Amino acid sequence: MDKAYILSSIIDEYQKVIDNLKASVERYKHESDIDEDNTLDPEDYARQTEAKDMQLRFEKMLNEAKQNLKFLEDSKSETKEIAEAGALLETDKNYLFIGVSVPAFKLGDKDVISFSEDAPIYQNVKGKTSGETIEMGNNNFEIKNIF
């Protein structure tokens, strides 16, 4: 499989994350928009403030997710030779993408695992090249290709 196809699949999975964040923003936006003329209970105002805080948090997460989506799109056309941000590694058992965390999924006969540079596993992978071995938990994977 080629990098663009695999990254398109990762993008499809990541789009689900973005859709969920958008739905959360809308839900909290609705909850924070109460009618002040019909509200007399101070507890209603407290809930409104909490909902507004949550709306702002989800909006921040949504903005970060949109930046990550752009990173994924840009990574489709980049070629890497070492394991670094934007690299797609093909091992004997799976595909590993470095840069954005998405829940693992199956593509063909291999799992697709993606993680950010902040993930602890990144230290085991960083700087590796084709032919080297990666240790993930109790498993070792040989890097076949880096795209």
# chains A, B, ... in the order shown; residues from 1 in each chain; ligands from 1
call {"tool": "closest_atom_pairs", "arguments": {"of": "region 39-127 of chain A", "to": "region 23-28 of chain A", "cutoff": "8 Å", "atoms": "only C-alpha atoms", "output": "JSON lines"}}
result
{"residue": "A:Ala51", "atom": "CA", "partner": "A:Tyr28", "partner_atom": "CA", "distance": 5.3}
{"residue": "A:Lys52", "atom": "CA", "partner": "A:Tyr28", "partner_atom": "CA", "distance": 6.6}
{"residue": "A:Met54", "atom": "CA", "partner": "A:Tyr28", "partner_atom": "CA", "distance": 6.5}
{"residue": "A:Gln55", "atom": "CA", "partner": "A:Tyr28", "partner_atom": "CA", "distance": 5.0}
{"residue": "A:Leu56", "atom": "CA", "partner": "A:Val25", "partner_atom": "CA", "distance": 7.8}
{"residue": "A:Phe58", "atom": "CA", "partner": "A:Val25", "partner_atom": "CA", "distance": 5.6}
{"residue": "A:Glu59", "atom": "CA", "partner": "A:Val25", "partner_atom": "CA", "distance": 6.1}
call {"tool": "write_last_selection", "arguments": {"atoms": "N, CA and C atoms", "output": "compact mmCIF listing (two decimals), in the first residue's frame"}}
result
# COMPACT_ATOMS: atom_id res chain seq x y z
N ALA A 51 -21.17 25.41 31.28
CA ALA A 51 -21.37 25.02 29.89
C ALA A 51 -20.53 25.89 28.96
N LYS A 52 -20.43 27.18 29.27
CA LYS A 52 -19.62 28.08 28.44
C LYS A 52 -18.15 27.70 28.53
N MET A 54 -16.96 24.71 29.15
CA MET A 54 -16.80 23.47 28.39
C MET A 54 -16.80 23.76 26.89
N GLN A 55 -17.69 24.66 26.47
CA GLN A 55 -17.73 25.04 25.05
C GLN A 55 -16.37 25.57 24.61
N LEU A 56 -15.77 26.44 25.40
CA LEU A 56 -14.47 27.02 25.06
C LEU A 56 -13.37 25.96 25.03
N PHE A 58 -13.78 22.73 24.34
CA PHE A 58 -13.98 21.92 23.14
C PHE A 58 -13.62 22.70 21.87
N GLU A 59 -13.86 24.00 21.86
CA GLU A 59 -13.45 24.81 20.71
C GLU A 59 -11.93 24.81 20.56
call {"tool": "residues_around", "arguments": {"residues": "Asp12 (chain A)", "least_positions_apart": "4", "cutoff": "12 Å", "atoms": "only C-alpha atoms", "output": "ChimeraX atom specification"}}
result
/A:5-8,16-19,69,72-73,102-103,105
call {"tool": "select_by_dssp", "arguments": {"residues": "chain A", "states": "strand (DSSP E)", "output": "ChimeraX atom specification"}}
result
/A:88-91,94-98,102-107,110-115,133-136,139-146
call {"tool": "residues_around", "arguments": {"residues": "Gly86 (chain A)", "least_positions_apart": "2", "cutoff": "6 Å", "atoms": "only C-alpha atoms", "output": "VMD selection string"}}
result
chain A and resid 75 98 to 99
call {"tool": "write_last_selection", "arguments": {"atoms": "N, CA and C atoms", "output": "CSV table (one decimal), in the first residue's frame"}}
result
chain,number,residue,atom,x,y,z
A,75,SER,N,1.4,15.7,5.2
A,75,SER,CA,2.3,14.5,5.3
A,75,SER,C,2.1,13.5,4.1
A,98,ILE,N,3.7,8.6,12.8
A,98,ILE,CA,4.2,9.5,13.8
A,98,ILE,C,3.7,10.9,13.6
A,99,GLY,N,3.0,11.4,14.6
A,99,GLY,CA,2.6,12.8,14.5
A,99,GLY,C,1.2,13.2,15.1
call {"tool": "closest_residue", "arguments": {"among": "A:Glu84, A:Glu64, A:Asp109, A:Asp33", "to": "Phe97 (chain A)", "atoms": "only C-alpha atoms"}}
result
A:Glu84
call {"tool": "closest_residue", "arguments": {"among": "A:Thr79, A:Thr129, A:Gln15, A:Asn68", "to": "Val100 (chain A)", "atoms": "only C-alpha atoms"}}
result
A:Asn68
call {"tool": "closest_residue", "arguments": {"among": "A:Glu117, A:Asp44, A:Glu90, A:Asp111", "to": "Phe147 (chain A)", "atoms": "only C-alpha atoms"}}
result
A:Glu90
call {"tool": "select_by_dssp", "arguments": {"residues": "chain A", "states": "alpha helix (DSSP H)", "output": "ChimeraX atom specification"}}
result
/A:3-32,42-75,122-125
call {"tool": "atom_distance", "arguments": {"atom1": "CA of Asn94 (chain A)", "atom2": "CA of Glu78 (chain A)"}}
result
20.1 Å
call {"tool": "closest_residue", "arguments": {"among": "A:Lys106, A:Lys70, A:Ser116, A:Thr91", "to": "Glu135 (chain A)", "atoms": "only C-alpha atoms"}}
result
A:Thr91
call {"tool": "closest_residue", "arguments": {"among": "A:Ile11, A:Ile134, A:Ala46, A:Val112", "to": "Ala65 (chain A)", "atoms": "only C-alpha atoms"}}
result
A:Ile11
call {"tool": "atom_distance", "arguments": {"atom1": "CA of Ser101 (chain A)", "atom2": "CA of Glu13 (chain A)"}}
result
10.3 Å
